[in-house]
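Structure file start38.txt with compact mmCIF, C-alpha atoms:
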# COMPACT_ATOMS: atom_id res chain seq x y z
CA MET A 1 -15.30 -1.34 0.02
CA LYS A 2 -11.74 -1.28 -1.28
CA ILE A 3 -8.89 0.53 0.40
CA GLN A 4 -5.78 1.14 -1.65
CA VAL A 5 -2.49 1.81 0.09
CA PHE A 6 0.09 3.40 -2.21
CA GLY A 7 3.79 3.04 -1.61
CA PRO A 8 6.77 1.01 -2.72
CA GLY A 9 7.24 -0.60 0.68
CA CYS A 10 9.32 1.54 2.99
CA ALA A 11 8.66 1.97 6.69
CA LYS A 12 6.05 4.72 6.31
CA CYS A 13 4.16 2.74 3.71
CA THR A 14 4.21 -0.36 5.89
CA GLN A 15 3.03 1.71 8.86
CA THR A 16 0.21 3.12 6.76
CA GLU A 17 -1.04 -0.35 5.90
CA LYS A 18 -0.82 -1.34 9.55
CA VAL A 19 -2.90 1.67 10.65
CA VAL A 20 -5.49 0.94 7.96
CA ARG A 21 -5.82 -2.68 9.03
CA GLU A 22 -6.08 -1.71 12.71
CA ALA A 23 -8.82 0.80 11.94
CA LEU A 24 -10.70 -1.77 9.90
CA ALA A 25 -10.48 -4.30 12.71
CA GLU A 26 -11.72 -1.74 15.22
CA SER A 27 -14.60 -0.57 13.05
CA GLY A 28 -15.77 -3.99 11.97
CA VAL A 29 -16.12 -2.70 8.41
CA GLN A 30 -15.43 -5.28 5.73
CA ALA A 31 -13.00 -4.02 3.13
CA ASP A 32 -10.32 -5.31 0.84
CA VAL A 33 -6.93 -3.74 1.46
CA VAL A 34 -4.84 -3.57 -1.68
CA LYS A 35 -1.21 -2.47 -1.72
CA ILE A 36 -0.10 -0.68 -4.85
CA THR A 37 3.67 -0.59 -5.22
CA ASP A 38 4.20 0.11 -8.91
CA PHE A 39 5.02 3.77 -9.42
CA GLN A 40 3.30 3.98 -12.78
CA GLU A 41 0.12 2.65 -11.26
CA ILE A 42 0.47 5.03 -8.32
CA ALA A 43 0.92 7.95 -10.71
CA SER A 44 -2.18 6.90 -12.63
CA PHE A 45 -4.18 8.03 -9.61
CA GLY A 46 -2.50 11.45 -9.72
CA VAL A 47 -0.51 10.52 -6.63
CA PHE A 48 3.05 11.85 -6.68
CA SER A 49 4.12 11.40 -3.10
CA THR A 50 3.78 8.40 -0.82
CA PRO A 51 2.44 6.94 1.36
CA ALA A 52 -1.07 7.59 0.15
CA VAL A 53 -4.46 6.04 0.77
CA ALA A 54 -7.59 5.82 -1.37
CA VAL A 55 -11.01 4.55 -0.42
CA ASP A 56 -12.98 3.14 -3.34
CA GLY A 57 -10.68 5.00 -5.70
CA GLU A 58 -10.92 8.40 -4.02
CA VAL A 59 -7.56 9.53 -2.70
CA LYS A 60 -7.89 10.64 0.91
CA LEU A 61 -4.32 11.39 1.95
CA VAL A 62 -0.96 11.85 0.23
CA GLY A 63 2.52 12.08 1.66
CA ALA A 64 1.78 11.17 5.26
CA VAL A 65 0.91 8.26 7.50
CA PRO A 66 -2.75 8.56 8.52
CA THR A 67 -3.91 8.28 12.10
CA LYS A 68 -6.35 5.56 13.01
CA ASN A 69 -8.99 8.26 13.50
CA ASP A 70 -8.33 9.51 9.97
CA VAL A 71 -9.07 6.07 8.61
CA LEU A 72 -12.11 5.58 10.83
CA GLY A 73 -13.48 8.85 9.46
CA TRP A 74 -13.01 7.66 5.89
CA LEU A 75 -14.89 4.44 6.61
CA LYS A 76 -18.09 6.25 7.62
CA MET B 77 12.13 5.24 7.43
CA SER B 78 14.58 2.57 6.50
CA SER B 79 17.99 3.81 5.47
CA ASN B 80 17.83 2.19 2.07
CA CYS B 81 14.40 3.50 1.20
CA SER B 82 14.23 4.46 -2.46
CA CYS B 83 10.61 5.55 -2.54
CA SER B 84 9.09 9.00 -2.51
CA CYS B 85 8.20 8.96 1.20
CA GLY B 86 9.12 12.26 2.82
CA GLU B 87 9.95 13.91 -0.47
CA ALA B 88 7.26 16.52 -0.91
CA PRO B 89 7.26 17.49 -4.58
CA LYS B 90 7.24 20.96 -6.09
CA PHE B 91 4.53 21.62 -8.67
CA VAL B 92 4.03 24.27 -11.34
CA PHE B 93 0.60 24.83 -12.86
CA SER B 94 0.13 26.80 -16.06
CA CYS B 95 -3.08 28.46 -17.19
CA SER B 96 -2.27 27.11 -20.67
CA GLY B 97 -4.92 29.44 -22.01
CA ALA B 98 -5.88 29.95 -25.63
CA ALA B 99 -4.13 33.29 -26.07
CA ASP B 100 -0.51 33.88 -26.96
CA VAL B 101 0.40 34.46 -23.31
CA GLY B 102 -1.30 31.16 -22.39
CA GLU B 103 0.99 29.40 -24.83
CA ILE B 104 4.02 31.11 -23.31
CA ALA B 105 2.91 30.13 -19.80
CA ASP B 106 2.43 26.54 -20.88
CA ARG B 107 5.72 26.19 -22.74
CA ALA B 108 7.71 27.89 -19.97
CA ALA B 109 6.22 25.53 -17.38
CA ARG B 110 7.23 22.58 -19.55
CA VAL B 111 10.77 23.95 -19.91
CA VAL B 112 11.34 24.20 -16.16
CA SER B 113 9.59 20.85 -15.57
CA ARG B 114 12.00 19.13 -17.94
CA GLU B 115 14.89 20.65 -16.01
CA GLY B 116 13.75 18.62 -13.01
CA ALA B 117 13.64 21.07 -10.11
CA ILE B 118 9.85 21.38 -10.27
CA LYS B 119 7.21 19.24 -11.94
CA MET B 120 4.45 20.53 -14.18
CA PHE B 121 1.14 19.22 -12.93
CA CYS B 122 -2.36 19.19 -14.42
CA LEU B 123 -4.49 22.26 -13.72
CA ALA B 124 -7.44 20.46 -15.29
CA GLY B 125 -7.11 17.84 -12.58
CA ILE B 126 -7.48 20.57 -9.98
CA GLY B 127 -10.51 22.02 -11.76
CA GLY B 128 -12.01 18.55 -12.06
CA ARG B 129 -11.27 17.84 -8.39
CA VAL B 130 -9.40 14.64 -9.23
CA SER B 131 -8.69 13.50 -5.70
CA GLY B 132 -5.16 12.23 -6.25
CA ILE B 133 -4.09 15.43 -7.97
CA VAL B 134 -5.70 17.70 -5.37
CA LYS B 135 -4.27 15.73 -2.43
CA SER B 136 -0.83 15.53 -4.03
CA THR B 137 -0.88 19.29 -4.52
CA GLU B 138 -1.96 19.86 -0.92
CA ALA B 139 1.08 17.84 0.15
CA ALA B 140 3.51 19.72 -2.11
CA ALA B 141 6.46 21.65 -0.76
CA LEU B 142 5.92 24.43 -3.31
CA VAL B 143 3.10 25.32 -5.68
CA VAL B 144 3.65 27.83 -8.48
CA ALA B 145 0.84 29.14 -10.67
CA VAL B 146 1.73 30.70 -14.03
CA ASP B 147 -0.95 32.95 -15.48
CA GLY B 148 -0.78 34.52 -18.88
CA CYS B 149 -3.09 37.44 -18.17
CA PRO B 150 -4.63 39.35 -15.26
CA LEU B 151 -7.66 37.04 -15.16
CA ASN B 152 -5.38 34.77 -13.08
CA CYS B 153 -7.33 31.61 -13.92
CA ALA B 154 -4.61 29.22 -12.76
CA ARG B 155 -4.27 30.81 -9.33
CA LYS B 156 -8.04 31.10 -8.92
CA THR B 157 -8.55 27.47 -9.90
CA LEU B 158 -6.07 26.40 -7.23
CA GLU B 159 -7.64 28.70 -4.64
CA GLN B 160 -11.12 27.35 -5.31
CA ALA B 161 -9.78 23.87 -4.61
CA GLY B 162 -8.49 25.11 -1.26
CA ILE B 163 -4.86 25.51 -2.30
CA THR B 164 -4.02 29.05 -1.25
CA ASP B 165 -0.31 28.90 -0.48
CA VAL B 166 0.67 29.58 -4.07
CA LYS B 167 3.55 31.49 -5.59
CA HIS B 168 2.50 33.36 -8.67
CA VAL B 169 4.02 34.31 -12.00
CA GLN B 170 1.88 36.69 -14.03
CA LEU B 171 3.04 37.38 -17.56
CA HIS B 172 1.29 40.76 -17.77
CA GLU B 173 3.47 41.89 -14.89
CA LEU B 174 6.49 40.71 -16.87
CA GLY B 175 5.48 43.11 -19.64
CA LEU B 176 3.91 40.45 -21.84
CA LYS B 177 0.51 41.72 -22.91
CA LYS B 178 -2.24 39.41 -24.07
CA GLY B 179 -2.72 39.48 -27.83
CA GLU B 180 0.52 41.34 -28.38
CA SER B 181 3.05 38.72 -27.33
CA PRO B 182 3.62 35.89 -29.79
CA ALA B 183 5.30 32.88 -28.17
CA THR B 184 8.94 33.43 -29.02
CA GLU B 185 11.81 31.50 -27.49
CA GLU B 186 12.96 34.71 -25.79
CA ARG B 187 9.60 35.24 -24.06
CA ILE B 188 9.37 31.60 -23.05
CA GLU B 189 12.83 31.81 -21.50
CA GLN B 190 11.92 35.08 -19.75
CA THR B 191 8.93 33.35 -18.18
CA ALA B 192 10.90 30.22 -17.36
CA GLN B 193 13.42 32.38 -15.56
CA ALA B 194 10.65 34.00 -13.51
CA ILE B 195 9.52 30.50 -12.45
CA ARG B 196 13.09 29.45 -11.62
CA SER B 197 13.48 32.53 -9.41
CA LEU B 198 10.76 31.16 -7.11
CA LEU B 199 12.39 27.79 -6.56
CA GLY B 200 14.68 28.92 -3.74
Please, can you express the file's structure as structure tokens?
Amino acid sequence: MKIQVFGPGCAKCTQTEKVVREALAESGVQADVVKITDFQEIASFGVFSTPAVAVDGEVKLVGAVPTKNDVLGWLK
Amino acid sequence: MSSNCSCSCGEAPKFVFSCSGAADVGEIADRAARVVSREGAIKMFCLAGIGGRVSGIVKSTEAAALVVAVDGCPLNCARKTLEQAGITDVKHVQLHELGLKKGESPATEERIEQTAQAIRSLLG
């Protein structure tokens, strides 16, 4: 599984990565977390607001920091 | 958020979707959406991405501060496409209601500007 965290690196983006990693640790699911900071690459996913999160290439959330429960739901 | 943040966090975009249909009014809708998009206050986004359920496009649209659908004719394909993807809070420009009838309205600069102005009037 690959989880992509989209955002140039501000506080909300950093918080999003933190929540994703906490959820992964809690779930025990093995996944690669990849940060995507380049806007052109972010836009190539159709994402035009950050932070955003994709799981295996499917965008799950745009423009908000997910809750841990959000992420846990995506991992199922 | 850090005070020197230069990213798009917290900046919900505004999107305009055009039916871009095959008829003359579809061309007007498309070109008017491009005109206002180039002006910068709202961004033209891909209706085909909504129809194709491209996740990034659908989720970005769900997070938008404003969604405008521009339909050339009363079939309202753009608005219906958005609604079927679950995006129902949509402001609507319908060219028929602007007096531009399908098959009788070649895409002139005047008609494109008339439609662009109708889009601008929704921007607040």
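When all atoms listed in the file are used to measure the gap to chain A, the shortest distance among B:Val111, B:Ala140, B:Met120, B:Ala99 belongs to B:Ala140.
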Give me the residues of chain A that have any atom at most 6 Å from an atom of chain B; for each, the nearest atom pair and the distance in Å, rounded to one decimal. Use all atoms listed in the file, sort by chain and number, and format it as a Markdown table.
| residue | atom | partner | partner_atom | distance |
| --- | --- | --- | --- | --- |
| A:Pro8 | CA | B:Cys83 | CA | 5.9 |
| A:Cys10 | CA | B:Cys81 | CA | 5.7 |
| A:Ala11 | CA | B:Met77 | CA | 4.8 |
| A:Phe45 | CA | B:Gly132 | CA | 5.5 |
| A:Gly46 | CA | B:Gly132 | CA | 4.4 |
| A:Val47 | CA | B:Gly132 | CA | 5.0 |
| A:Phe48 | CA | B:Ser136 | CA | 6.0 |
| A:Ser49 | CA | B:Ser84 | CA | 5.6 |
| A:Thr50 | CA | B:Cys85 | CA | 4.9 |
| A:Glu58 | CA | B:Ser131 | CA | 5.8 |
| A:Val59 | CA | B:Gly132 | CA | 5.1 |
| A:Val62 | CA | B:Ser136 | CA | 5.6 |
- With all atoms listed in the file as the basis for distance, which of A:Lys35, A:Lys76, A:Lys12, A:Lys2 is at the shortest distance from Gly57 of chain A? A:Lys2
Long-range neighbours of Ala154 of chain B as an mmCIF file with C-alpha atoms, in the coordinates of the input, 10 Å cut-off, only C-alpha atoms, 6 positions minimum in chain:
data_model
loop_
_atom_site.group_PDB
_atom_site.id
_atom_site.type_symbol
_atom_site.label_atom_id
_atom_site.label_comp_id
_atom_site.auth_asym_id
_atom_site.auth_seq_id
_atom_site.Cartn_x
_atom_site.Cartn_y
_atom_site.Cartn_z
ATOM 1 C CA PHE B 93 0.600 24.830 -12.860
ATOM 2 C CA SER B 94 0.130 26.800 -16.060
ATOM 3 C CA CYS B 95 -3.080 28.460 -17.190
ATOM 4 C CA SER B 96 -2.270 27.110 -20.670
ATOM 5 C CA GLY B 97 -4.920 29.440 -22.010
ATOM 6 C CA LEU B 123 -4.490 22.260 -13.720
ATOM 7 C CA ALA B 124 -7.440 20.460 -15.290
ATOM 8 C CA ILE B 126 -7.480 20.570 -9.980
ATOM 9 C CA GLY B 127 -10.510 22.020 -11.760
ATOM 10 C CA VAL B 144 3.650 27.830 -8.480
ATOM 11 C CA ALA B 145 0.840 29.140 -10.670
ATOM 12 C CA VAL B 146 1.730 30.700 -14.030
ATOM 13 C CA ASP B 147 -0.950 32.950 -15.480
ATOM 14 C CA GLY B 148 -0.780 34.520 -18.880
ATOM 15 C CA HIS B 168 2.500 33.360 -8.670
ATOM 16 C CA GLN B 170 1.880 36.690 -14.030
#
- Who sits within 9 Å of Ile104 of chain B, all atoms listed in the file, same chain under 3 positions skipped, as a PyMOL selection string: chain B and resi 96+99-101+107-109+148+171+181-185+187-188+191
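Relative to atom CA of Asp56 of chain A, atom CA of Leu24 of chain A is found at 14.3 Å.
If you count all atoms listed in the file and ignore residues fewer than 4 places along the chain from Glu22 of chain A, what sits within 8 Å of it is Lys18, Glu26 and Lys68 of chain A.
Distance check against Ile36 of chain A using only C-alpha atoms: of A:Val20, A:Val71, A:Ala64, A:Val5, the minimum falls on A:Val5.
For Val55 of chain A, the list of residues within 8 Å, based on only C-alpha atoms and with local chain neighbours fewer than 4 positions off taken out, reads Met1, Lys2, Ile3, Gln4, Val59, Lys60 and Trp74 of chain A.
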